[in-house]
>>> print(open('target.cif').read())   # mmCIF, C-alpha atoms (C1' of nucleotides)
data_run
loop_
_atom_site.label_atom_id
_atom_site.label_comp_id
_atom_site.auth_asym_id
_atom_site.auth_seq_id
_atom_site.Cartn_x
_atom_site.Cartn_y
_atom_site.Cartn_z
CA MET A 249 116.98 21.84 80.15
CA PHE A 250 118.21 20.75 76.71
CA SER A 251 116.97 22.06 73.37
CA LYS A 252 114.48 19.93 71.48
CA THR A 253 117.22 19.35 68.91
CA CYS A 254 119.44 17.98 71.65
CA GLU A 255 116.74 15.74 73.11
CA TYR A 256 116.14 14.18 69.70
CA ALA A 257 119.89 13.84 69.17
CA ILE A 258 120.43 11.91 72.39
CA ARG A 259 117.44 9.64 71.77
CA ALA A 260 118.58 8.99 68.21
CA MET A 261 122.15 8.21 69.25
CA ILE A 262 121.00 5.73 71.88
CA PHE A 263 118.63 4.17 69.35
CA ILE A 264 121.37 3.87 66.73
CA ALA A 265 123.69 2.39 69.34
CA GLN A 266 121.16 -0.33 70.06
CA LYS A 267 120.72 -1.14 66.36
CA THR A 268 124.47 -1.17 65.86
CA ARG A 269 124.78 -3.69 68.71
CA GLU A 270 122.28 -5.83 66.85
CA GLY A 271 124.51 -5.61 63.79
CA ASP A 272 122.27 -3.35 61.72
CA ARG A 273 122.56 -0.05 60.00
CA ILE A 274 119.40 1.93 60.44
CA GLY A 275 117.65 4.38 58.09
CA ILE A 276 116.23 7.80 58.87
CA LYS A 277 112.61 6.67 58.61
CA ASP A 278 113.12 3.91 61.12
CA ILE A 279 114.99 6.22 63.45
CA ALA A 280 112.19 8.80 63.29
CA ARG A 281 109.64 6.08 64.05
CA GLY A 282 111.83 4.54 66.73
CA ILE A 283 112.22 7.71 68.73
CA ASP A 284 108.97 9.43 67.70
CA SER A 285 110.53 12.50 66.10
CA PRO A 286 109.89 14.51 62.90
CA GLU A 287 111.67 12.64 60.13
CA HIS A 288 113.29 15.52 58.28
CA PHE A 289 114.24 17.26 61.46
CA ILE A 290 116.16 14.35 62.95
CA ALA A 291 117.74 13.89 59.50
CA LYS A 292 119.16 17.42 59.72
CA ILE A 293 120.45 16.80 63.21
CA LEU A 294 122.18 13.55 62.27
CA GLN A 295 123.69 15.22 59.20
CA GLU A 296 125.37 17.67 61.52
CA LEU A 297 126.51 14.98 63.95
CA SER A 298 127.78 12.97 61.00
CA ARG A 299 129.86 15.91 59.81
CA LYS A 300 131.38 16.07 63.29
CA GLY A 301 132.17 12.36 63.24
CA ILE A 302 129.88 11.60 66.16
CA VAL A 303 127.73 9.26 64.13
CA GLN A 304 128.66 7.23 61.05
CA SER A 305 126.58 6.96 57.90
CA ALA A 306 126.55 5.19 54.54
CA LYS A 307 124.56 6.10 51.45
CA GLY A 308 122.80 3.77 49.07
CA PRO A 309 121.12 0.39 49.48
CA ASN A 310 121.86 -1.21 52.84
CA GLY A 311 123.07 2.20 53.94
CA GLY A 312 121.99 4.07 57.02
CA PHE A 313 123.39 5.25 60.29
CA TYR A 314 125.57 3.29 62.70
CA LEU A 315 128.27 3.83 65.32
CA ASP A 316 131.92 2.86 65.18
CA ASN A 317 133.78 1.88 68.33
CA VAL A 318 134.75 5.43 69.21
CA SER A 319 131.22 6.72 68.74
CA MET A 320 129.77 3.86 70.75
CA ASN A 321 131.83 4.97 73.73
CA ARG A 322 130.99 8.63 73.53
CA SER A 323 129.26 10.16 76.50
CA LEU A 324 125.94 11.97 76.46
CA ALA A 325 127.93 15.03 77.52
CA ASP A 326 129.76 14.86 74.17
CA ILE A 327 126.45 14.91 72.34
CA VAL A 328 125.05 17.77 74.38
CA ARG A 329 128.21 19.77 73.76
CA ALA A 330 128.07 19.03 70.03
CA VAL A 331 124.46 20.14 69.74
CA ASP A 332 123.82 22.78 72.40
CA GLY A 333 127.39 23.88 73.09
CA ASP A 334 128.73 24.04 76.63
CA LYS A 335 126.55 26.89 77.85
CA ILE A 336 124.65 24.51 80.10
CA PHE A 337 127.92 23.29 81.65
CA ARG A 338 129.56 26.70 82.01
CA GLY A 339 126.99 29.48 81.69
CA CYS A 340 125.64 31.57 84.56
CA GLY A 341 122.30 30.47 85.97
CA LEU A 342 121.03 34.04 85.93
CA GLY A 343 122.41 34.87 82.47
CA LEU A 344 125.30 37.12 83.50
CA ARG A 345 128.11 37.11 80.97
CA GLN A 346 130.85 37.82 83.46
CA CYS A 347 129.71 35.62 86.30
CA SER A 348 132.76 34.01 87.90
CA GLU A 349 134.35 33.02 91.19
CA SER A 350 135.58 36.57 91.73
CA GLN A 351 132.42 38.24 90.45
CA PRO A 352 129.62 35.76 91.14
CA CYS A 353 125.88 36.11 90.70
CA PRO A 354 123.90 35.49 93.89
CA ILE A 355 123.41 31.80 93.20
CA HIS A 356 126.77 31.13 91.55
CA HIS A 357 128.25 28.81 94.16
CA GLU A 358 125.17 26.69 94.67
CA PHE A 359 124.41 26.57 90.97
CA LYS A 360 127.91 25.37 90.22
CA LYS A 361 127.29 22.19 92.20
CA ILE A 362 124.13 21.44 90.24
CA ARG A 363 125.85 21.98 86.90
CA LEU A 364 128.77 19.82 87.93
CA GLY A 365 126.39 17.06 89.00
CA LEU A 366 124.66 17.29 85.66
CA PHE A 367 127.92 17.18 83.78
CA GLU A 368 129.26 14.20 85.70
CA MET A 369 126.03 12.31 85.20
CA LEU A 370 126.13 12.91 81.44
CA ASP A 371 129.86 12.38 81.21
CA ASN A 372 129.54 8.99 82.87
CA SER A 373 126.70 7.90 80.60
CA LYS A 374 128.04 6.26 77.47
CA VAL A 375 125.85 6.07 74.38
CA GLY A 376 126.27 2.32 74.14
CA ALA A 377 125.42 1.62 77.76
CA PHE A 378 121.64 1.57 77.49
CA THR A 379 121.20 -1.47 75.27
CA ASP A 380 120.33 -3.87 78.07
CA ALA A 381 117.74 -1.57 79.61
CA LEU A 382 116.09 -1.03 76.22
CA GLU A 383 116.17 -4.74 75.38
CA GLY A 384 114.50 -5.62 78.64
CA SER A 385 111.90 -2.87 78.31
CA LEU A 386 113.33 -1.21 81.38
CA ALA A 387 113.71 2.00 79.39
CA PHE A 388 111.99 3.68 76.47
CA LEU A 389 112.85 6.16 73.74
CA LYS A 390 109.44 7.29 72.60
CA ARG A 391 106.08 8.71 73.76
CA MET B 175 118.65 26.22 81.90
CA PHE B 176 116.10 28.98 82.52
CA SER B 177 114.49 31.17 79.87
CA LYS B 178 115.89 34.67 79.48
CA THR B 179 112.58 35.93 80.82
CA CYS B 180 113.13 33.86 83.95
CA GLU B 181 116.73 35.00 84.40
CA TYR B 182 115.62 38.64 84.27
CA ALA B 183 112.75 37.88 86.62
CA ILE B 184 115.00 36.37 89.28
CA ARG B 185 117.53 39.17 89.02
CA ALA B 186 114.78 41.79 89.21
CA MET B 187 113.16 40.16 92.21
CA ILE B 188 116.44 40.01 94.11
CA PHE B 189 117.12 43.62 93.15
CA ILE B 190 113.69 44.77 94.30
CA ALA B 191 114.14 42.82 97.52
CA GLN B 192 117.32 44.71 98.23
CA LYS B 193 115.68 48.10 97.56
CA THR B 194 112.72 47.14 99.70
CA ARG B 195 115.09 46.33 102.57
CA GLU B 196 116.51 49.81 102.14
CA GLY B 197 112.96 51.16 102.46
CA ASP B 198 112.53 52.24 98.85
CA ARG B 199 110.13 51.55 96.07
CA ILE B 200 111.96 51.26 92.81
CA GLY B 201 110.94 52.25 89.27
CA ILE B 202 111.23 50.25 86.08
CA LYS B 203 114.04 52.38 84.67
CA ASP B 204 116.17 51.88 87.74
CA ILE B 205 115.44 48.17 87.81
CA ALA B 206 116.45 47.84 84.15
CA ARG B 207 119.66 49.72 84.85
CA GLY B 208 120.29 47.81 88.06
CA ILE B 209 120.10 44.38 86.49
CA ASP B 210 121.20 45.34 82.95
CA SER B 211 118.04 44.26 81.15
CA PRO B 212 115.87 45.74 78.38
CA GLU B 213 113.54 48.21 80.06
CA HIS B 214 110.26 47.39 78.35
CA PHE B 215 110.92 43.71 78.52
CA ILE B 216 111.44 43.56 82.27
CA ALA B 217 108.40 45.81 82.60
CA LYS B 218 106.29 43.16 80.90
CA ILE B 219 107.72 40.45 83.09
CA LEU B 220 107.03 42.35 86.30
CA GLN B 221 103.51 43.16 85.11
CA GLU B 222 102.86 39.45 84.92
CA LEU B 223 104.46 38.76 88.31
CA SER B 224 102.46 41.63 89.76
CA ARG B 225 99.23 40.12 88.48
CA LYS B 226 100.19 36.89 90.24
CA GLY B 227 100.92 38.74 93.47
CA ILE B 228 104.58 37.80 93.47
CA VAL B 229 105.71 41.41 93.37
CA GLN B 230 103.87 44.52 94.59
CA SER B 231 103.54 47.77 92.68
CA ALA B 232 102.15 51.28 93.05
CA LYS B 233 101.38 53.73 90.29
CA GLY B 234 101.97 57.46 90.30
CA PRO B 235 104.59 59.68 91.91
CA ASN B 236 106.67 57.83 94.50
CA GLY B 237 105.30 54.65 92.99
CA GLY B 238 107.29 51.68 91.82
CA PHE B 239 107.87 48.08 92.72
CA TYR B 240 108.46 46.60 96.16
CA LEU B 241 107.91 43.38 98.09
CA ASP B 242 105.57 42.73 100.97
CA ASN B 243 106.48 40.26 103.69
CA VAL B 244 105.07 37.26 101.87
CA SER B 245 106.88 38.16 98.64
CA MET B 246 110.14 38.77 100.46
CA ASN B 247 110.07 35.19 101.71
CA ARG B 248 109.27 33.58 98.41
CA SER B 249 111.76 31.12 97.04
CA LEU B 250 113.48 31.32 93.69
CA ALA B 251 111.63 28.09 92.88
CA ASP B 252 108.36 30.04 93.18
CA ILE B 253 109.60 32.57 90.64
CA VAL B 254 110.84 29.93 88.22
CA ARG B 255 107.51 28.15 88.47
CA ALA B 256 105.59 31.39 87.89
CA VAL B 257 107.63 32.28 84.80
CA ASP B 258 108.77 29.03 83.18
CA GLY B 259 106.25 26.64 84.69
CA ASP B 260 107.36 23.43 86.37
CA LYS B 261 108.66 21.69 83.27
CA ILE B 262 112.20 22.03 84.54
CA PHE B 263 111.24 20.40 87.85
CA ARG B 264 109.07 17.63 86.41
CA GLY B 265 109.73 17.24 82.69
CA CYS B 266 111.68 14.40 81.09
CA GLY B 267 115.31 15.13 80.29
CA LEU B 268 114.90 13.61 76.84
CA GLY B 269 111.57 15.26 76.10
CA LEU B 270 109.29 12.21 76.45
CA ARG B 271 105.76 13.14 77.45
CA GLN B 272 105.06 9.91 79.28
CA CYS B 273 108.37 9.39 81.01
CA SER B 274 107.73 8.04 84.51
CA GLU B 275 108.89 5.57 87.11
CA SER B 276 107.11 2.74 85.36
CA GLN B 277 107.99 3.87 81.84
CA PRO B 278 111.27 5.72 82.20
CA CYS B 279 113.57 7.19 79.56
CA PRO B 280 117.12 5.82 79.70
CA ILE B 281 118.38 8.59 81.97
CA HIS B 282 115.23 9.01 84.05
CA HIS B 283 116.57 7.83 87.38
CA GLU B 284 119.84 9.72 87.25
CA PHE B 285 118.19 12.82 85.87
CA LYS B 286 115.67 12.82 88.66
CA LYS B 287 118.44 13.35 91.20
CA ILE B 288 119.77 16.35 89.32
CA ARG B 289 116.34 17.94 89.03
CA LEU B 290 115.64 17.34 92.69
CA GLY B 291 118.96 18.94 93.61
CA LEU B 292 118.10 21.94 91.47
CA PHE B 293 114.66 22.22 93.00
CA GLU B 294 115.92 21.99 96.56
CA MET B 295 118.57 24.57 95.91
CA LEU B 296 116.03 27.01 94.47
CA ASP B 297 113.40 26.16 97.05
CA ASN B 298 115.84 26.94 99.85
CA SER B 299 116.87 30.26 98.32
CA LYS B 300 114.59 33.04 99.50
CA VAL B 301 114.36 36.22 97.45
CA GLY B 302 115.23 38.36 100.45
CA ALA B 303 118.28 36.35 101.47
CA PHE B 304 120.83 37.93 99.16
CA THR B 305 120.86 41.44 100.56
CA ASP B 306 124.02 41.01 102.60
CA ALA B 307 126.01 39.49 99.76
CA LEU B 308 124.94 42.30 97.43
CA GLU B 309 125.69 44.98 100.02
CA GLY B 310 129.16 43.63 100.59
CA SER B 311 129.84 43.27 96.87
CA LEU B 312 130.10 39.52 97.33
CA ALA B 313 127.50 39.06 94.60
CA PHE B 314 126.37 40.94 91.51
CA LEU B 315 123.23 41.29 89.43
CA LYS B 316 124.57 42.71 86.20
CA ARG B 317 127.16 42.24 83.43
"C1'" DT C 233 125.03 0.87 32.47
"C1'" DA C 234 120.46 1.49 34.56
"C1'" DA C 235 117.50 1.45 38.40
"C1'" DA C 236 116.81 1.65 43.11
"C1'" DT C 237 118.14 3.11 47.56
"C1'" DA C 238 119.40 6.29 51.10
"C1'" DA C 239 121.86 10.16 52.98
"C1'" DA C 240 123.24 15.17 52.04
"C1'" DA C 241 122.02 19.51 50.88
"C1'" DG C 242 119.10 23.44 49.85
"C1'" DA C 243 115.09 26.11 50.37
"C1'" DT C 244 111.16 27.50 52.82
"C1'" DA C 245 107.50 27.56 56.36
"C1'" DT C 246 105.97 28.11 61.14
"C1'" DT C 247 106.11 29.00 65.80
"C1'" DC C 248 107.82 30.87 69.93
"C1'" DC C 249 110.88 33.79 72.54
"C1'" DT C 250 112.87 38.13 72.98
"C1'" DC C 251 112.49 42.82 72.62
"C1'" DT C 252 110.50 47.60 71.33
"C1'" DC C 253 107.26 51.27 70.86
"C1'" DT C 254 102.88 53.66 71.83
"C1'" DT C 255 98.73 54.55 74.34
"C1'" DT C 256 95.99 54.18 78.52
"C1'" DT C 257 95.01 54.15 83.41
"C1'" DA C 258 95.86 55.20 88.19
"C1'" DT C 259 97.93 58.03 91.72
"C1'" DT C 260 100.07 62.03 93.82
"C1'" DA C 261 101.12 66.77 94.54
"C1'" DT C 262 100.34 71.49 93.48
"C1'" DA D 170 91.04 70.66 88.83
"C1'" DT D 171 95.54 70.26 86.60
"C1'" DA D 172 99.96 68.59 85.73
"C1'" DA D 173 103.32 65.24 86.53
"C1'" DT D 174 104.60 60.64 87.49
"C1'" DA D 175 104.77 55.77 86.90
"C1'" DA D 176 102.81 51.28 86.07
"C1'" DA D 177 99.44 48.64 82.96
"C1'" DA D 178 98.05 47.41 78.67
"C1'" DG D 179 98.11 46.84 73.65
"C1'" DA D 180 100.33 46.08 69.33
"C1'" DG D 181 103.80 44.31 66.75
"C1'" DA D 182 108.86 43.73 65.00
"C1'" DG D 183 112.87 40.53 64.71
"C1'" DG D 184 115.22 36.50 65.11
"C1'" DA D 185 116.18 31.92 66.57
"C1'" DA D 186 114.36 27.24 67.14
"C1'" DT D 187 111.57 23.90 65.22
"C1'" DA D 188 109.66 21.60 61.36
"C1'" DT D 189 108.62 20.42 56.32
"C1'" DC D 190 109.39 19.77 51.44
"C1'" DT D 191 112.24 19.23 47.27
"C1'" DT D 192 116.42 18.38 44.79
"C1'" DT D 193 121.04 16.48 44.53
"C1'" DT D 194 124.76 13.24 45.35
"C1'" DA D 195 126.68 8.81 46.45
"C1'" DT D 196 126.37 3.81 46.57
"C1'" DT D 197 124.75 -0.78 45.56
"C1'" DT D 198 122.62 -4.33 42.92
"C1'" DA D 199 120.95 -6.33 38.89
#
>>> encode(input="target.cif", output="structure tokens")
Amino acid sequence: MFSKTCEYAIRAMIFIAQKTREGDRIGIKDIARGIDSPEHFIAKILQELSRKGIVQSAKGPNGGFYLDNVSMNRSLADIVRAVDGDKIFRGCGLGLRQCSESQPCPIHHEFKKIRLGLFEMLDNSKVGAFTDALEGSLAFLKR
Amino acid sequence: MFSKTCEYAIRAMIFIAQKTREGDRIGIKDIARGIDSPEHFIAKILQELSRKGIVQSAKGPNGGFYLDNVSMNRSLADIVRAVDGDKIFRGCGLGLRQCSESQPCPIHHEFKKIRLGLFEMLDNSKVGAFTDALEGSLAFLKR
DNA sequence: TAAATAAAAGATATTCCTCTCTTTTATTAT
DNA sequence: ATAATAAAAGAGAGGAATATCTTTTATTTA
């Protein structure tokens, strides 16, 4: 569904959100361990998200990644869009470039509902909203 | 959502279904033209589907691809499963290997609904069911 | 100011997906 | 039998996604 890059990105963002709630900045090594991802790879991804202002970072001792108030309230849809683009929200299910209402692929109308459902689900999920579930071991970010 | 291979496969299967309804076998070149795909690539894909019995083929003059009664009633879900596997129907949205009811990722429960919706949509769409829409130019398989 | 810390950036490897080209095999029609 | 047709099979090129390693830059603390 999402690229590996995007999966790591979402997991990392939720993880950073939790640490931010606890008042900590968190380093790349701990993030990689916390979400079970390749260290240098997630570093690259967060670099990119940092450039886009979706995650905050600080260099040097006591540095690391964290989320400001705006970032904490971003939706998972924002992250997906930032990493994978909006192909998954807009693209044709059968790969046609010109698929549209007036020139639909055979599954266009049905597929549209699925995509919309996906978008709404992600759009309603805020990065900072999973803290409680993670705290209570009702949700997990690795394995 | 689906791999390019899978997109071509679905389009080709629907195209072949339409030709079969018209009483024709159809050759690789015409399929490639009809669904706007690379010729040798869709050939490979159909070879694989042929091996699995999902499409029928005949060599030699007047040969080509066609669908028997069983194949004509296959669902798009069958094709997706044959080409991409069932990762999209079962896999975790965030890429966790052990995501489950008892050890869910943060979006497990919501994501499950989306996946189920996708599956049901594809499972209810039979390969042979798009003939009318294609005939009446209410649906398209290329561009 | 020097040393330590940690992210940013650059460079490179590896793997998989997509796509292409060539040769072989099977079937039909003459 | 021979020639023509068309799929099957084999081999591999190209590029994007994934992953790793090294060097540089920025910040803090002592």
>>> interface_residues(input="target.cif", of="chain D", to="chain B", cutoff="7 Å", atoms="only C-alpha atoms (C1' of nucleotides)", output="list in words")
DT174, DA175 and DA176 of chain D
>>> interface_residues(input="target.cif", of="chain B", to="chain A", cutoff="10 Å", atoms="all atoms listed in the file", output="PyMOL selection string")
chain B and resi 175-178+180-185+188+209-210+250+261-263+265-282+284-285+287-293+295-296+299+303-305+307-308+311-317
>>> resolve_selection(input="target.cif", expression="the PyMOL selection byres ((chain D and resi 179-193) around 7)", output="ChimeraX atom specification")
/A:289 /D:178,194
>>> interface_residues(input="target.cif", of="chain C", to="chain A", cutoff="12 Å", atoms="all atoms listed in the file", output="list in words")
DA235, DA236, DT237, DA238, DA239, DA240, DA241 and DG242 of chain C
>>> write_last_selection(input="target.cif", atoms="C-alpha atoms (C1' of nucleotides)", output="PDB file, in the frame of the given file")
ATOM      1  C1'  DA C 235     117.500   1.450  38.400  1.00  0.00           C
ATOM      2  C1'  DA C 236     116.810   1.650  43.110  1.00  0.00           C
ATOM      3  C1'  DT C 237     118.140   3.110  47.560  1.00  0.00           C
ATOM      4  C1'  DA C 238     119.400   6.290  51.100  1.00  0.00           C
ATOM      5  C1'  DA C 239     121.860  10.160  52.980  1.00  0.00           C
ATOM      6  C1'  DA C 240     123.240  15.170  52.040  1.00  0.00           C
ATOM      7  C1'  DA C 241     122.020  19.510  50.880  1.00  0.00           C
ATOM      8  C1'  DG C 242     119.100  23.440  49.850  1.00  0.00           C
TER       9       DG C 242
END
>>> calpha_fit_and_write(input="target.cif", fixed="chain A", moving="chain B", output="mmCIF file with C-alpha atoms, keeping the file's coordinate frame")
data_model
loop_
_atom_site.group_PDB
_atom_site.id
_atom_site.type_symbol
_atom_site.label_atom_id
_atom_site.label_comp_id
_atom_site.auth_asym_id
_atom_site.auth_seq_id
_atom_site.Cartn_x
_atom_site.Cartn_y
_atom_site.Cartn_z
ATOM 1 C CA MET B 175 116.947 21.844 80.142
ATOM 2 C CA PHE B 176 118.164 20.725 76.711
ATOM 3 C CA SER B 177 116.942 22.043 73.368
ATOM 4 C CA LYS B 178 114.463 19.875 71.492
ATOM 5 C CA THR B 179 117.189 19.326 68.921
ATOM 6 C CA CYS B 180 119.416 17.954 71.668
ATOM 7 C CA GLU B 181 116.709 15.711 73.117
ATOM 8 C CA TYR B 182 116.132 14.152 69.691
ATOM 9 C CA ALA B 183 119.869 13.828 69.176
ATOM 10 C CA ILE B 184 120.398 11.895 72.401
ATOM 11 C CA ARG B 185 117.439 9.627 71.767
ATOM 12 C CA ALA B 186 118.589 8.978 68.201
ATOM 13 C CA MET B 187 122.133 8.218 69.271
ATOM 14 C CA ILE B 188 120.986 5.727 71.892
ATOM 15 C CA PHE B 189 118.640 4.177 69.341
ATOM 16 C CA ILE B 190 121.376 3.875 66.728
ATOM 17 C CA ALA B 191 123.686 2.403 69.349
ATOM 18 C CA GLN B 192 121.169 -0.309 70.056
ATOM 19 C CA LYS B 193 120.735 -1.137 66.347
ATOM 20 C CA THR B 194 124.481 -1.159 65.868
ATOM 21 C CA ARG B 195 124.803 -3.685 68.702
ATOM 22 C CA GLU B 196 122.293 -5.819 66.842
ATOM 23 C CA GLY B 197 124.545 -5.570 63.776
ATOM 24 C CA ASP B 198 122.294 -3.324 61.709
ATOM 25 C CA ARG B 199 122.581 -0.011 60.003
ATOM 26 C CA ILE B 200 119.412 1.949 60.422
ATOM 27 C CA GLY B 201 117.657 4.401 58.084
ATOM 28 C CA ILE B 202 116.239 7.811 58.869
ATOM 29 C CA LYS B 203 112.624 6.682 58.586
ATOM 30 C CA ASP B 204 113.128 3.916 61.098
ATOM 31 C CA ILE B 205 115.009 6.206 63.447
ATOM 32 C CA ALA B 206 112.200 8.777 63.289
ATOM 33 C CA ARG B 207 109.659 6.068 64.019
ATOM 34 C CA GLY B 208 111.820 4.517 66.716
ATOM 35 C CA ILE B 209 112.228 7.688 68.728
ATOM 36 C CA ASP B 210 108.968 9.412 67.694
ATOM 37 C CA SER B 211 110.527 12.477 66.092
ATOM 38 C CA PRO B 212 109.885 14.481 62.907
ATOM 39 C CA GLU B 213 111.686 12.653 60.120
ATOM 40 C CA HIS B 214 113.292 15.547 58.275
ATOM 41 C CA PHE B 215 114.229 17.257 61.470
ATOM 42 C CA ILE B 216 116.169 14.351 62.936
ATOM 43 C CA ALA B 217 117.742 13.907 59.510
ATOM 44 C CA LYS B 218 119.168 17.411 59.742
ATOM 45 C CA ILE B 219 120.427 16.793 63.238
ATOM 46 C CA LEU B 220 122.179 13.564 62.291
ATOM 47 C CA GLN B 221 123.691 15.237 59.229
ATOM 48 C CA GLU B 222 125.359 17.693 61.554
ATOM 49 C CA LEU B 223 126.502 14.981 63.977
ATOM 50 C CA SER B 224 127.786 12.985 61.026
ATOM 51 C CA ARG B 225 129.860 15.927 59.847
ATOM 52 C CA LYS B 226 131.381 16.089 63.328
ATOM 53 C CA GLY B 227 132.148 12.374 63.283
ATOM 54 C CA ILE B 228 129.864 11.616 66.197
ATOM 55 C CA VAL B 229 127.715 9.264 64.156
ATOM 56 C CA GLN B 230 128.661 7.249 61.059
ATOM 57 C CA SER B 231 126.593 6.967 57.903
ATOM 58 C CA ALA B 232 126.563 5.205 54.544
ATOM 59 C CA LYS B 233 124.582 6.164 51.484
ATOM 60 C CA GLY B 234 122.841 3.852 49.057
ATOM 61 C CA PRO B 235 121.150 0.478 49.429
ATOM 62 C CA ASN B 236 121.879 -1.151 52.786
ATOM 63 C CA GLY B 237 123.078 2.248 53.914
ATOM 64 C CA GLY B 238 122.005 4.095 57.011
ATOM 65 C CA PHE B 239 123.411 5.242 60.300
ATOM 66 C CA TYR B 240 125.586 3.291 62.715
ATOM 67 C CA LEU B 241 128.285 3.850 65.323
ATOM 68 C CA ASP B 242 131.924 2.882 65.193
ATOM 69 C CA ASN B 243 133.788 1.915 68.342
ATOM 70 C CA VAL B 244 134.765 5.460 69.225
ATOM 71 C CA SER B 245 131.206 6.736 68.752
ATOM 72 C CA MET B 246 129.755 3.885 70.771
ATOM 73 C CA ASN B 247 131.829 4.987 73.749
ATOM 74 C CA ARG B 248 130.985 8.643 73.553
ATOM 75 C CA SER B 249 129.253 10.177 76.515
ATOM 76 C CA LEU B 250 125.934 11.968 76.477
ATOM 77 C CA ALA B 251 127.916 15.040 77.546
ATOM 78 C CA ASP B 252 129.742 14.869 74.197
ATOM 79 C CA ILE B 253 126.428 14.912 72.352
ATOM 80 C CA VAL B 254 125.021 17.772 74.403
ATOM 81 C CA ARG B 255 128.184 19.756 73.789
ATOM 82 C CA ALA B 256 128.057 19.043 70.048
ATOM 83 C CA VAL B 257 124.422 20.139 69.759
ATOM 84 C CA ASP B 258 123.785 22.778 72.426
ATOM 85 C CA GLY B 259 127.344 23.877 73.107
ATOM 86 C CA ASP B 260 128.702 24.034 76.641
ATOM 87 C CA LYS B 261 126.523 26.877 77.867
ATOM 88 C CA ILE B 262 124.637 24.491 80.105
ATOM 89 C CA PHE B 263 127.895 23.267 81.659
ATOM 90 C CA ARG B 264 129.563 26.665 82.017
ATOM 91 C CA GLY B 265 126.989 29.437 81.676
ATOM 92 C CA CYS B 266 125.639 31.546 84.532
ATOM 93 C CA GLY B 267 122.303 30.459 85.959
ATOM 94 C CA LEU B 268 121.058 34.040 85.890
ATOM 95 C CA GLY B 269 122.407 34.837 82.440
ATOM 96 C CA LEU B 270 125.331 37.091 83.437
ATOM 97 C CA ARG B 271 128.127 37.060 80.886
ATOM 98 C CA GLN B 272 130.876 37.752 83.383
ATOM 99 C CA CYS B 273 129.736 35.586 86.251
ATOM 100 C CA SER B 274 132.781 33.950 87.843
ATOM 101 C CA GLU B 275 134.395 32.985 91.110
ATOM 102 C CA SER B 276 135.618 36.512 91.662
ATOM 103 C CA GLN B 277 132.468 38.202 90.374
ATOM 104 C CA PRO B 278 129.683 35.740 91.075
ATOM 105 C CA CYS B 279 125.926 36.081 90.635
ATOM 106 C CA PRO B 280 123.959 35.499 93.843
ATOM 107 C CA ILE B 281 123.442 31.800 93.165
ATOM 108 C CA HIS B 282 126.797 31.114 91.524
ATOM 109 C CA HIS B 283 128.264 28.813 94.139
ATOM 110 C CA GLU B 284 125.177 26.699 94.668
ATOM 111 C CA PHE B 285 124.425 26.569 90.972
ATOM 112 C CA LYS B 286 127.907 25.366 90.223
ATOM 113 C CA LYS B 287 127.268 22.193 92.205
ATOM 114 C CA ILE B 288 124.120 21.446 90.248
ATOM 115 C CA ARG B 289 125.833 21.975 86.906
ATOM 116 C CA LEU B 290 128.751 19.818 87.946
ATOM 117 C CA GLY B 291 126.363 17.063 89.013
ATOM 118 C CA LEU B 292 124.624 17.280 85.659
ATOM 119 C CA PHE B 293 127.906 17.186 83.795
ATOM 120 C CA GLU B 294 129.231 14.208 85.716
ATOM 121 C CA MET B 295 126.029 12.313 85.210
ATOM 122 C CA LEU B 296 126.111 12.911 81.453
ATOM 123 C CA ASP B 297 129.847 12.382 81.214
ATOM 124 C CA ASN B 298 129.512 8.990 82.882
ATOM 125 C CA SER B 299 126.675 7.907 80.601
ATOM 126 C CA LYS B 300 128.029 6.262 77.474
ATOM 127 C CA VAL B 301 125.830 6.089 74.392
ATOM 128 C CA GLY B 302 126.255 2.334 74.151
ATOM 129 C CA ALA B 303 125.402 1.629 77.778
ATOM 130 C CA PHE B 304 121.627 1.574 77.499
ATOM 131 C CA THR B 305 121.203 -1.458 75.284
ATOM 132 C CA ASP B 306 120.325 -3.854 78.081
ATOM 133 C CA ALA B 307 117.731 -1.573 79.631
ATOM 134 C CA LEU B 308 116.095 -1.033 76.240
ATOM 135 C CA GLU B 309 116.167 -4.742 75.410
ATOM 136 C CA GLY B 310 114.509 -5.629 78.673
ATOM 137 C CA SER B 311 111.910 -2.881 78.322
ATOM 138 C CA LEU B 312 113.332 -1.208 81.407
ATOM 139 C CA ALA B 313 113.710 2.008 79.422
ATOM 140 C CA PHE B 314 111.990 3.661 76.479
ATOM 141 C CA LEU B 315 112.858 6.125 73.743
ATOM 142 C CA LYS B 316 109.450 7.273 72.596
ATOM 143 C CA ARG B 317 106.097 8.701 73.745
#
>>> residues_near_point(input="target.cif", point="(114.1, 49.6, 79.9)", cutoff="10 Å", atoms="only C-alpha atoms (C1' of nucleotides)", output="ChimeraX atom specification")
/B:202-207,210-217 /C:252
>>> decode(input="target.cif", residues="region 190-202 of chain B", atoms="C-alpha atoms", output="mmCIF file, in the first residue's frame")
data_model
loop_
_atom_site.group_PDB
_atom_site.id
_atom_site.type_symbol
_atom_site.label_atom_id
_atom_site.label_comp_id
_atom_site.auth_asym_id
_atom_site.auth_seq_id
_atom_site.Cartn_x
_atom_site.Cartn_y
_atom_site.Cartn_z
ATOM 1 C CA ILE B 190 -9.299 -10.646 -23.179
ATOM 2 C CA ALA B 191 -12.676 -11.215 -21.539
ATOM 3 C CA GLN B 192 -14.244 -8.732 -23.901
ATOM 4 C CA LYS B 193 -12.651 -10.356 -26.969
ATOM 5 C CA THR B 194 -13.686 -13.779 -25.761
ATOM 6 C CA ARG B 195 -17.286 -12.566 -25.490
ATOM 7 C CA GLU B 196 -16.994 -11.455 -29.098
ATOM 8 C CA GLY B 197 -15.867 -14.995 -29.953
ATOM 9 C CA ASP B 198 -12.243 -14.175 -30.715
ATOM 10 C CA ARG B 199 -8.890 -15.293 -29.502
ATOM 11 C CA ILE B 200 -6.554 -12.377 -29.249
ATOM 12 C CA GLY B 201 -2.794 -12.122 -29.838
ATOM 13 C CA ILE B 202 -0.169 -10.466 -27.678
#
